[in-house]
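A.B. asks: Coordinates in model_21.cif, mmCIF, N, CA and C atoms and all ligand atoms, are listed below.
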```cif
data_data
#
loop_
_atom_site.group_PDB
_atom_site.id
_atom_site.type_symbol
_atom_site.label_atom_id
_atom_site.label_comp_id
_atom_site.auth_asym_id
_atom_site.auth_seq_id
_atom_site.Cartn_x
_atom_site.Cartn_y
_atom_site.Cartn_z
ATOM 1 N N MET A 1 11.363 13.677 -20.240
ATOM 2 C CA MET A 1 10.529 12.720 -19.507
ATOM 3 C C MET A 1 9.745 11.840 -20.473
ATOM 4 N N ALA A 2 9.109 12.473 -21.486
ATOM 5 C CA ALA A 2 8.339 11.692 -22.455
ATOM 6 C C ALA A 2 9.277 10.936 -23.378
ATOM 7 N N SER A 3 9.090 9.653 -23.465
ATOM 8 C CA SER A 3 9.933 8.928 -24.394
ATOM 9 C C SER A 3 9.123 8.232 -25.476
ATOM 10 N N THR A 4 7.794 8.384 -25.426
ATOM 11 C CA THR A 4 6.990 7.921 -26.556
ATOM 12 C C THR A 4 7.160 8.982 -27.641
ATOM 13 N N THR A 5 7.154 8.565 -28.880
ATOM 14 C CA THR A 5 7.384 9.519 -29.971
ATOM 15 C C THR A 5 6.256 9.476 -30.976
ATOM 16 N N ASP A 6 6.207 10.474 -31.838
ATOM 17 C CA ASP A 6 5.165 10.529 -32.855
ATOM 18 C C ASP A 6 5.212 9.326 -33.781
ATOM 19 N N SER A 7 6.372 8.654 -33.817
ATOM 20 C CA SER A 7 6.530 7.558 -34.759
ATOM 21 C C SER A 7 5.647 6.351 -34.431
ATOM 22 N N ASP A 8 5.108 6.237 -33.181
ATOM 23 C CA ASP A 8 4.210 5.096 -32.928
ATOM 24 C C ASP A 8 2.760 5.429 -33.295
ATOM 25 N N CYS A 9 2.543 6.581 -33.890
ATOM 26 C CA CYS A 9 1.187 6.959 -34.290
ATOM 27 C C CYS A 9 0.660 6.009 -35.368
ATOM 28 N N ILE A 10 -0.622 5.637 -35.234
ATOM 29 C CA ILE A 10 -1.261 4.773 -36.219
ATOM 30 C C ILE A 10 -2.355 5.611 -36.888
ATOM 31 N N PRO A 11 -1.989 6.327 -37.970
ATOM 32 C CA PRO A 11 -2.912 7.300 -38.580
ATOM 33 C C PRO A 11 -4.284 6.729 -38.924
ATOM 34 N N ARG A 12 -4.331 5.465 -39.387
ATOM 35 C CA ARG A 12 -5.630 4.921 -39.809
ATOM 36 C C ARG A 12 -6.583 4.739 -38.611
ATOM 37 N N GLU A 13 -6.020 4.795 -37.388
ATOM 38 C CA GLU A 13 -6.888 4.673 -36.216
ATOM 39 C C GLU A 13 -7.419 6.019 -35.729
ATOM 40 N N HIS A 14 -7.002 7.080 -36.428
ATOM 41 C CA HIS A 14 -7.553 8.388 -36.088
ATOM 42 C C HIS A 14 -8.889 8.552 -36.790
ATOM 43 N N THR A 15 -9.951 8.085 -36.149
ATOM 44 C CA THR A 15 -11.274 8.154 -36.766
ATOM 45 C C THR A 15 -12.199 9.007 -35.909
ATOM 46 N N ASP A 16 -13.113 9.706 -36.563
ATOM 47 C CA ASP A 16 -14.089 10.553 -35.870
ATOM 48 C C ASP A 16 -13.440 11.474 -34.843
ATOM 49 N N GLY A 17 -12.265 11.984 -35.180
ATOM 50 C CA GLY A 17 -11.607 12.916 -34.277
ATOM 51 C C GLY A 17 -10.976 12.267 -33.058
ATOM 52 N N GLU A 18 -11.046 10.924 -32.974
ATOM 53 C CA GLU A 18 -10.420 10.213 -31.856
ATOM 54 C C GLU A 18 -8.977 9.874 -32.206
ATOM 55 N N PRO A 19 -8.051 10.099 -31.294
ATOM 56 C CA PRO A 19 -6.658 9.752 -31.568
ATOM 57 C C PRO A 19 -6.429 8.244 -31.439
ATOM 58 N N CYS A 20 -5.309 7.762 -31.964
ATOM 59 C CA CYS A 20 -4.965 6.359 -31.801
ATOM 60 C C CYS A 20 -4.461 6.137 -30.366
ATOM 61 N N GLY A 21 -4.266 4.882 -29.999
ATOM 62 C CA GLY A 21 -3.825 4.567 -28.641
ATOM 63 C C GLY A 21 -2.562 5.307 -28.219
ATOM 64 N N PRO A 22 -1.480 5.177 -28.998
ATOM 65 C CA PRO A 22 -0.229 5.846 -28.633
ATOM 66 C C PRO A 22 -0.380 7.367 -28.521
ATOM 67 N N CYS A 23 -1.154 7.970 -29.437
ATOM 68 C CA CYS A 23 -1.350 9.422 -29.384
ATOM 69 C C CYS A 23 -2.130 9.817 -28.131
ATOM 70 N N GLU A 24 -3.130 8.997 -27.788
ATOM 71 C CA GLU A 24 -3.950 9.289 -26.620
ATOM 72 C C GLU A 24 -3.084 9.207 -25.359
ATOM 73 N N ARG A 25 -2.221 8.176 -25.329
ATOM 74 C CA ARG A 25 -1.316 7.983 -24.200
ATOM 75 C C ARG A 25 -0.353 9.166 -24.071
ATOM 76 N N ARG A 26 0.173 9.578 -25.233
ATOM 77 C CA ARG A 26 1.137 10.678 -25.248
ATOM 78 C C ARG A 26 0.478 11.963 -24.769
ATOM 79 N N GLN A 27 -0.783 12.150 -25.197
ATOM 80 C CA GLN A 27 -1.536 13.334 -24.807
ATOM 81 C C GLN A 27 -1.791 13.317 -23.290
ATOM 82 N N ALA A 28 -2.214 12.159 -22.776
ATOM 83 C CA ALA A 28 -2.478 12.021 -21.346
ATOM 84 C C ALA A 28 -1.197 12.277 -20.562
ATOM 85 N N HIS A 29 -0.100 11.716 -21.038
ATOM 86 C CA HIS A 29 1.201 11.886 -20.401
ATOM 87 C C HIS A 29 1.559 13.374 -20.312
ATOM 88 N N ALA A 30 1.332 14.106 -21.424
ATOM 89 C CA ALA A 30 1.645 15.538 -21.465
ATOM 90 C C ALA A 30 0.801 16.313 -20.465
ATOM 91 N N GLU A 31 -0.404 15.771 -20.171
ATOM 92 C CA GLU A 31 -1.291 16.444 -19.229
ATOM 93 C C GLU A 31 -1.071 15.971 -17.801
ATOM 94 N N GLY A 32 -0.060 15.108 -17.608
ATOM 95 C CA GLY A 32 0.265 14.672 -16.246
ATOM 96 C C GLY A 32 -0.488 13.447 -15.775
ATOM 97 N N GLU A 33 -1.189 12.771 -16.700
ATOM 98 C CA GLU A 33 -1.921 11.552 -16.352
ATOM 99 C C GLU A 33 -1.101 10.359 -16.829
ATOM 100 N N HIS A 34 -0.522 9.606 -15.886
ATOM 101 C CA HIS A 34 0.428 8.564 -16.277
ATOM 102 C C HIS A 34 -0.083 7.141 -16.062
ATOM 103 N N ALA A 35 -1.384 7.009 -15.830
ATOM 104 C CA ALA A 35 -1.947 5.687 -15.555
ATOM 105 C C ALA A 35 -1.735 4.719 -16.715
ATOM 106 N N PHE A 36 -1.623 5.247 -17.932
ATOM 107 C CA PHE A 36 -1.490 4.364 -19.097
ATOM 108 C C PHE A 36 -0.058 4.300 -19.614
ATOM 109 N N CYS A 37 0.848 4.985 -18.917
ATOM 110 C CA CYS A 37 2.244 4.993 -19.339
ATOM 111 C C CYS A 37 2.946 3.705 -18.902
ATOM 112 N N GLY A 38 3.958 3.339 -19.608
ATOM 113 C CA GLY A 38 4.774 2.196 -19.224
ATOM 114 C C GLY A 38 5.948 2.661 -18.383
ATOM 115 N N ASP A 39 6.870 1.747 -18.083
ATOM 116 C CA ASP A 39 8.050 2.081 -17.280
ATOM 117 C C ASP A 39 8.916 3.156 -17.928
ATOM 118 N N GLU A 40 8.884 3.229 -19.248
ATOM 119 C CA GLU A 40 9.739 4.181 -19.963
ATOM 120 C C GLU A 40 9.350 5.625 -19.674
ATOM 121 N N CYS A 41 8.154 5.831 -19.134
ATOM 122 C CA CYS A 41 7.676 7.185 -18.863
ATOM 123 C C CYS A 41 8.588 7.896 -17.865
ATOM 124 N N GLY A 42 8.902 7.230 -16.753
ATOM 125 C CA GLY A 42 9.802 7.824 -15.773
ATOM 126 C C GLY A 42 9.124 8.717 -14.752
ATOM 127 N N ALA A 43 7.859 9.054 -14.970
ATOM 128 C CA ALA A 43 7.151 9.895 -14.004
ATOM 129 C C ALA A 43 6.826 9.069 -12.766
ATOM 130 N N PRO A 44 6.919 9.662 -11.582
ATOM 131 C CA PRO A 44 6.603 8.912 -10.374
ATOM 132 C C PRO A 44 5.140 8.460 -10.392
ATOM 133 N N GLN A 45 4.903 7.227 -9.968
ATOM 134 C CA GLN A 45 3.536 6.721 -9.848
ATOM 135 C C GLN A 45 3.054 7.067 -8.445
ATOM 136 N N VAL A 46 1.995 7.827 -8.378
ATOM 137 C CA VAL A 46 1.497 8.279 -7.079
ATOM 138 C C VAL A 46 0.209 7.549 -6.732
ATOM 139 N N GLU A 47 0.169 7.012 -5.530
ATOM 140 C CA GLU A 47 -1.000 6.290 -5.066
ATOM 141 C C GLU A 47 -1.392 6.895 -3.723
ATOM 142 N N GLN A 48 -2.663 7.190 -3.571
ATOM 143 C CA GLN A 48 -3.071 7.804 -2.321
ATOM 144 C C GLN A 48 -4.190 7.001 -1.682
ATOM 145 N N SER A 49 -4.074 6.772 -0.370
ATOM 146 C CA SER A 49 -5.167 6.109 0.321
ATOM 147 C C SER A 49 -5.554 6.941 1.537
ATOM 148 N N ILE A 50 -6.856 6.962 1.815
ATOM 149 C CA ILE A 50 -7.377 7.770 2.911
ATOM 150 C C ILE A 50 -8.146 6.873 3.879
ATOM 151 N N THR A 51 -7.835 6.971 5.161
ATOM 152 C CA THR A 51 -8.609 6.246 6.165
ATOM 153 C C THR A 51 -9.026 7.212 7.272
ATOM 154 N N TYR A 52 -10.065 6.801 8.003
ATOM 155 C CA TYR A 52 -10.584 7.619 9.096
ATOM 156 C C TYR A 52 -10.599 6.804 10.374
ATOM 157 N N ARG A 53 -10.408 7.462 11.489
ATOM 158 C CA ARG A 53 -10.552 6.787 12.770
ATOM 159 C C ARG A 53 -11.077 7.784 13.792
ATOM 160 N N VAL A 54 -11.631 7.221 14.871
ATOM 161 C CA VAL A 54 -12.168 8.063 15.936
ATOM 162 C C VAL A 54 -11.225 7.991 17.122
ATOM 163 N N GLU A 55 -10.871 9.121 17.677
ATOM 164 C CA GLU A 55 -10.048 9.160 18.882
ATOM 165 C C GLU A 55 -10.865 9.755 20.018
ATOM 166 N N SER A 56 -10.512 9.309 21.245
ATOM 167 C CA SER A 56 -11.256 9.776 22.410
ATOM 168 C C SER A 56 -10.296 10.116 23.531
ATOM 169 N N ARG A 57 -10.758 10.928 24.449
ATOM 170 C CA ARG A 57 -9.965 11.219 25.643
ATOM 171 C C ARG A 57 -10.846 11.746 26.760
ATOM 172 N N ILE A 58 -10.307 11.646 27.985
ATOM 173 C CA ILE A 58 -10.983 12.205 29.148
ATOM 174 C C ILE A 58 -10.189 13.425 29.573
ATOM 175 N N GLY A 59 -10.876 14.525 29.743
ATOM 176 C CA GLY A 59 -10.236 15.761 30.197
ATOM 177 C C GLY A 59 -9.046 16.121 29.333
ATOM 178 N N GLY A 60 -7.897 16.358 29.973
ATOM 179 C CA GLY A 60 -6.719 16.759 29.218
ATOM 180 C C GLY A 60 -5.792 15.608 28.886
ATOM 181 N N ASP A 61 -6.275 14.350 29.026
ATOM 182 C CA ASP A 61 -5.452 13.177 28.700
ATOM 183 C C ASP A 61 -5.082 13.153 27.221
ATOM 184 N N GLU A 62 -4.204 12.199 26.884
ATOM 185 C CA GLU A 62 -3.819 12.048 25.485
ATOM 186 C C GLU A 62 -4.946 11.432 24.672
ATOM 187 N N TRP A 63 -5.046 11.842 23.412
ATOM 188 C CA TRP A 63 -6.046 11.268 22.517
ATOM 189 C C TRP A 63 -5.649 9.842 22.200
ATOM 190 N N GLN A 64 -6.612 8.933 22.213
ATOM 191 C CA GLN A 64 -6.303 7.554 21.838
ATOM 192 C C GLN A 64 -7.491 6.880 21.168
ATOM 193 N N THR A 65 -7.171 5.808 20.448
ATOM 194 C CA THR A 65 -8.222 5.023 19.811
ATOM 195 C C THR A 65 -8.654 3.965 20.804
ATOM 196 N N LEU A 66 -9.933 3.946 21.156
ATOM 197 C CA LEU A 66 -10.433 2.991 22.142
ATOM 198 C C LEU A 66 -10.677 1.627 21.519
ATOM 199 N N GLY A 67 -10.421 0.575 22.316
ATOM 200 C CA GLY A 67 -10.719 -0.783 21.871
ATOM 201 C C GLY A 67 -9.917 -1.173 20.649
ATOM 202 N N VAL A 68 -10.570 -1.903 19.770
ATOM 203 C CA VAL A 68 -9.921 -2.349 18.542
ATOM 204 C C VAL A 68 -9.601 -1.116 17.705
ATOM 205 N N ARG A 69 -8.444 -1.122 17.084
ATOM 206 C CA ARG A 69 -8.020 0.026 16.284
ATOM 207 C C ARG A 69 -8.707 0.013 14.928
ATOM 208 N N PHE A 70 -9.903 0.541 14.888
ATOM 209 C CA PHE A 70 -10.675 0.555 13.654
ATOM 210 C C PHE A 70 -10.234 1.660 12.715
ATOM 211 N N HIS A 71 -10.110 1.299 11.466
ATOM 212 C CA HIS A 71 -9.866 2.302 10.447
ATOM 213 C C HIS A 71 -10.983 2.183 9.425
ATOM 214 N N TYR A 72 -11.559 3.270 9.079
ATOM 215 C CA TYR A 72 -12.656 3.263 8.124
ATOM 216 C C TYR A 72 -12.214 3.869 6.806
ATOM 217 N N ALA A 73 -12.675 3.247 5.736
ATOM 218 C CA ALA A 73 -12.345 3.779 4.419
ATOM 219 C C ALA A 73 -13.328 4.885 4.048
ATOM 220 N N GLU A 74 -14.514 4.828 4.670
ATOM 221 C CA GLU A 74 -15.531 5.821 4.326
ATOM 222 C C GLU A 74 -15.728 6.811 5.463
ATOM 223 N N GLN A 75 -15.766 8.066 5.106
ATOM 224 C CA GLN A 75 -15.947 9.106 6.115
ATOM 225 C C GLN A 75 -17.312 8.986 6.789
ATOM 226 N N ALA A 76 -18.340 8.620 6.027
ATOM 227 C CA ALA A 76 -19.694 8.515 6.573
ATOM 228 C C ALA A 76 -19.756 7.490 7.701
ATOM 229 N N LYS A 77 -19.064 6.347 7.511
ATOM 230 C CA LYS A 77 -19.043 5.302 8.534
ATOM 231 C C LYS A 77 -18.359 5.804 9.797
ATOM 232 N N ALA A 78 -17.237 6.465 9.610
ATOM 233 C CA ALA A 78 -16.492 6.987 10.749
ATOM 234 C C ALA A 78 -17.321 8.033 11.494
ATOM 235 N N GLU A 79 -18.090 8.806 10.746
ATOM 236 C CA GLU A 79 -18.934 9.823 11.385
ATOM 237 C C GLU A 79 -20.051 9.196 12.202
ATOM 238 N N ARG A 80 -20.574 8.057 11.713
ATOM 239 C CA ARG A 80 -21.594 7.346 12.477
ATOM 240 C C ARG A 80 -20.999 6.833 13.779
ATOM 241 N N ARG A 81 -19.781 6.295 13.682
ATOM 242 C CA ARG A 81 -19.063 5.777 14.834
ATOM 243 C C ARG A 81 -18.804 6.900 15.858
ATOM 244 N N LEU A 82 -18.465 8.049 15.346
ATOM 245 C CA LEU A 82 -18.212 9.216 16.191
ATOM 246 C C LEU A 82 -19.491 9.593 16.950
ATOM 247 N N ALA A 83 -20.622 9.607 16.238
ATOM 248 C CA ALA A 83 -21.908 9.951 16.855
ATOM 249 C C ALA A 83 -22.258 8.944 17.941
ATOM 250 N N GLU A 84 -22.004 7.645 17.646
ATOM 251 C CA GLU A 84 -22.247 6.565 18.607
ATOM 252 C C GLU A 84 -21.466 6.797 19.891
ATOM 253 N N LYS A 85 -20.181 7.085 19.718
ATOM 254 C CA LYS A 85 -19.301 7.284 20.876
ATOM 255 C C LYS A 85 -19.749 8.482 21.700
ATOM 256 N N ARG A 86 -20.143 9.540 21.026
ATOM 257 C CA ARG A 86 -20.590 10.748 21.738
ATOM 258 C C ARG A 86 -21.832 10.450 22.561
ATOM 259 N N GLU A 87 -22.660 9.525 22.047
ATOM 260 C CA GLU A 87 -23.882 9.199 22.749
ATOM 261 C C GLU A 87 -23.610 8.260 23.917
ATOM 262 N N ARG A 88 -22.754 7.252 23.675
ATOM 263 C CA ARG A 88 -22.501 6.238 24.697
ATOM 264 C C ARG A 88 -21.504 6.682 25.756
ATOM 265 N N LEU A 89 -20.559 7.537 25.391
ATOM 266 C CA LEU A 89 -19.521 7.972 26.319
ATOM 267 C C LEU A 89 -19.496 9.503 26.391
ATOM 268 N N PRO A 90 -20.565 10.058 26.930
ATOM 269 C CA PRO A 90 -20.694 11.525 26.928
ATOM 270 C C PRO A 90 -19.685 12.226 27.846
ATOM 271 N N HIS A 91 -19.078 11.450 28.770
ATOM 272 C CA HIS A 91 -18.107 12.060 29.697
ATOM 273 C C HIS A 91 -16.749 12.231 29.025
ATOM 274 N N MET A 92 -16.610 11.690 27.806
ATOM 275 C CA MET A 92 -15.337 11.796 27.090
ATOM 276 C C MET A 92 -15.478 12.739 25.906
ATOM 277 N N GLN A 93 -14.300 13.206 25.415
ATOM 278 C CA GLN A 93 -14.284 13.985 24.188
ATOM 279 C C GLN A 93 -13.933 13.043 23.054
ATOM 280 N N HIS A 94 -14.511 13.265 21.900
ATOM 281 C CA HIS A 94 -14.248 12.416 20.732
ATOM 282 C C HIS A 94 -13.954 13.287 19.531
ATOM 283 N N ARG A 95 -13.072 12.779 18.682
ATOM 284 C CA ARG A 95 -12.778 13.527 17.463
ATOM 285 C C ARG A 95 -12.495 12.565 16.310
ATOM 286 N N LEU A 96 -12.676 13.090 15.108
ATOM 287 C CA LEU A 96 -12.491 12.298 13.894
ATOM 288 C C LEU A 96 -11.133 12.654 13.286
ATOM 289 N N ILE A 97 -10.370 11.615 12.935
ATOM 290 C CA ILE A 97 -9.057 11.826 12.329
ATOM 291 C C ILE A 97 -9.061 11.286 10.907
ATOM 292 N N ARG A 98 -8.576 12.085 9.977
ATOM 293 C CA ARG A 98 -8.413 11.603 8.607
ATOM 294 C C ARG A 98 -6.921 11.391 8.370
ATOM 295 N N ARG A 99 -6.576 10.203 7.867
ATOM 296 C CA ARG A 99 -5.187 9.894 7.600
ATOM 297 C C ARG A 99 -5.001 9.700 6.098
ATOM 298 N N ILE A 100 -4.129 10.491 5.509
ATOM 299 C CA ILE A 100 -3.869 10.396 4.072
ATOM 300 C C ILE A 100 -2.470 9.842 3.874
ATOM 301 N N THR A 101 -2.386 8.696 3.250
ATOM 302 C CA THR A 101 -1.096 8.075 2.988
ATOM 303 C C THR A 101 -0.794 8.161 1.503
ATOM 304 N N THR A 102 0.342 8.734 1.158
ATOM 305 C CA THR A 102 0.723 8.850 -0.243
ATOM 306 C C THR A 102 1.929 7.963 -0.518
ATOM 307 N N THR A 103 1.803 7.092 -1.477
ATOM 308 C CA THR A 103 2.914 6.246 -1.889
ATOM 309 C C THR A 103 3.400 6.735 -3.246
ATOM 310 N N ILE A 104 4.659 7.036 -3.334
ATOM 311 C CA ILE A 104 5.223 7.487 -4.606
ATOM 312 C C ILE A 104 6.273 6.478 -5.059
ATOM 313 N N GLU A 105 6.066 5.925 -6.229
ATOM 314 C CA GLU A 105 6.997 4.944 -6.750
ATOM 315 C C GLU A 105 7.603 5.482 -8.034
ATOM 316 N N GLU A 106 8.933 5.501 -8.112
ATOM 317 C CA GLU A 106 9.543 5.977 -9.357
ATOM 318 C C GLU A 106 10.713 5.120 -9.801
ATOM 319 N N VAL A 107 10.916 5.107 -11.078
ATOM 320 C CA VAL A 107 12.027 4.354 -11.664
ATOM 321 C C VAL A 107 13.297 5.180 -11.492
ATOM 322 N N LEU A 108 14.340 4.570 -10.926
ATOM 323 C CA LEU A 108 15.593 5.302 -10.718
ATOM 324 C C LEU A 108 16.652 4.878 -11.731
HETATM 325 ZN ZN ZN A 201 -1.870 8.772 -33.564
HETATM 326 ZN ZN ZN A 202 3.870 9.356 -18.442
#
```
Go ahead and render the structure in this file as structure tokens.
Ligand SMILES: [Zn+2]
Ligand SMILES: [Zn+2]
C.D. replies:
Amino acid sequence: MASTTDSDCIPREHTDGEPCGPCERRQAHAEGEHAFCGDECGAPQVEQSITYRVESRIGGDEWQTLGVRFHYAEQAKAERRLAEKRERLPHMQHRLIRRITTTIEEVL
């Protein structure tokens, strides 16, 4: 998987115990951190996004998002919205949904 080699090491940049750029990248790569790797790395690039929404229902009906389909990036905001709904629509049940979307991109 690793295709960077020791040969790109720049010894004079190893100062105060800090590795040079290529060595630091190689070290990060070995530890599974590929943010600084180029296409040659081959490790899948993983991106994760999390959103929250409030769903409501009456009795045993299906859960649904009321009104505009709001998605919140922050859990605190969604929780405030949930509290609001519980106060304004006490005859309904409300719940908080967290949606985690993972995008994996890899060189084939
Ligand atoms: Zn080095
Ligand atoms: Zn890598």
A.B. asks: Identify all residues satisfying the PyMOL selection byres (((chain A and resi 87-96) around 5) and not hetatm) in the given file; provide them as a ChimeraX atom specification.
C.D. replies: /A:53-58,83-86,97-98
A.B. asks: I need the alpha helix (DSSP H) residues of chain A per DSSP on the backbone, written as a list in words.
C.D. replies: Gly21, Pro22, Cys23, Glu24, Arg25, Arg26, Gln27, Ala28, His29, Ala30, Gln75, Ala76, Lys77, Ala78, Glu79, Arg80, Arg81, Leu82, Ala83, Glu84, Lys85, Arg86, Glu87 and Arg88 of chain A
A.B. asks: Go through A:Thr15, A:Ser49, A:Thr103, A:Pro22 and flag the residue nearest ligand ZN 201 (chain A), using all atoms listed in the file for the distances.
C.D. replies: A:Pro22
A.B. asks: Residues within 10 Å of ligand ZN 202 (chain A) (only C-alpha atoms and all ligand atoms), as a list in words?
C.D. replies: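 Using only C-alpha atoms and all ligand atoms, I find these residues within 10 Å of ligand ZN 202 (chain A): Met1, Ala2, Ser3, Thr4, Arg25, Arg26, Gln27, Ala28, His29, Ala30, Glu31, Gly32, Glu33, His34, Ala35, Phe36, Cys37, Gly38, Asp39, Glu40, Cys41, Gly42, Ala43, Pro44 and Gln45 of chain A.
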A.B. asks: What does the list of residues within 6.5 Å of ligand ZN 201 (chain A) look like if you count all atoms listed in the file, written as a VMD selection string?
C.D. replies: chain A and resid 8 to 11 14 19 to 24
A.B. asks: Run DSSP on the backbone and give me the residues of chain A it puts in strand (DSSP E), as a PyMOL selection string.
C.D. replies: chain A and resi 45-57+93-105
A.B. asks: Listed atoms of region 79-89 of chain A, axis-aligned box, 5 Å per side: centre and edge lengths to one decimal in Å, as JSON?
C.D. replies:
```
{"center_x": -21.0, "center_y": 8.3, "center_z": 18.6, "size_x": 15.8, "size_y": 15.0, "size_z": 25.6}
```
A.B. asks: Could you expand the PyMOL selection byres (((chain A and resi 48 and name CA) around 12) and not hetatm and name CA) into the explicit residues it covers here, written as a ChimeraX atom specification?
C.D. replies: /A:45-47,49-51,99-105
A.B. asks: Emit the selected residues as an mmCIF file, in the frame of the given file, including N, CA and C atoms.
C.D. replies:
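This is the output file again-v6.cif:
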```
data_model
loop_
_atom_site.group_PDB
_atom_site.id
_atom_site.type_symbol
_atom_site.label_atom_id
_atom_site.label_comp_id
_atom_site.auth_asym_id
_atom_site.auth_seq_id
_atom_site.Cartn_x
_atom_site.Cartn_y
_atom_site.Cartn_z
ATOM 1 N N GLN A 45 4.903 7.227 -9.968
ATOM 2 C CA GLN A 45 3.536 6.721 -9.848
ATOM 3 C C GLN A 45 3.054 7.067 -8.445
ATOM 4 N N VAL A 46 1.995 7.827 -8.378
ATOM 5 C CA VAL A 46 1.497 8.279 -7.079
ATOM 6 C C VAL A 46 0.209 7.549 -6.732
ATOM 7 N N GLU A 47 0.169 7.012 -5.530
ATOM 8 C CA GLU A 47 -1.000 6.290 -5.066
ATOM 9 C C GLU A 47 -1.392 6.895 -3.723
ATOM 10 N N SER A 49 -4.074 6.772 -0.370
ATOM 11 C CA SER A 49 -5.167 6.109 0.321
ATOM 12 C C SER A 49 -5.554 6.941 1.537
ATOM 13 N N ILE A 50 -6.856 6.962 1.815
ATOM 14 C CA ILE A 50 -7.377 7.770 2.911
ATOM 15 C C ILE A 50 -8.146 6.873 3.879
ATOM 16 N N THR A 51 -7.835 6.971 5.161
ATOM 17 C CA THR A 51 -8.609 6.246 6.165
ATOM 18 C C THR A 51 -9.026 7.212 7.272
ATOM 19 N N ARG A 99 -6.576 10.203 7.867
ATOM 20 C CA ARG A 99 -5.187 9.894 7.600
ATOM 21 C C ARG A 99 -5.001 9.700 6.098
ATOM 22 N N ILE A 100 -4.129 10.491 5.509
ATOM 23 C CA ILE A 100 -3.869 10.396 4.072
ATOM 24 C C ILE A 100 -2.470 9.842 3.874
ATOM 25 N N THR A 101 -2.386 8.696 3.250
ATOM 26 C CA THR A 101 -1.096 8.075 2.988
ATOM 27 C C THR A 101 -0.794 8.161 1.503
ATOM 28 N N THR A 102 0.342 8.734 1.158
ATOM 29 C CA THR A 102 0.723 8.850 -0.243
ATOM 30 C C THR A 102 1.929 7.963 -0.518
ATOM 31 N N THR A 103 1.803 7.092 -1.477
ATOM 32 C CA THR A 103 2.914 6.246 -1.889
ATOM 33 C C THR A 103 3.400 6.735 -3.246
ATOM 34 N N ILE A 104 4.659 7.036 -3.334
ATOM 35 C CA ILE A 104 5.223 7.487 -4.606
ATOM 36 C C ILE A 104 6.273 6.478 -5.059
ATOM 37 N N GLU A 105 6.066 5.925 -6.229
ATOM 38 C CA GLU A 105 6.997 4.944 -6.750
ATOM 39 C C GLU A 105 7.603 5.482 -8.034
#
```
A.B. asks: Between CA of Gly67 (chain A) and CA of Glu79 (chain A), what is the distance, to one decimal in Å?
C.D. replies: 17.0 Å
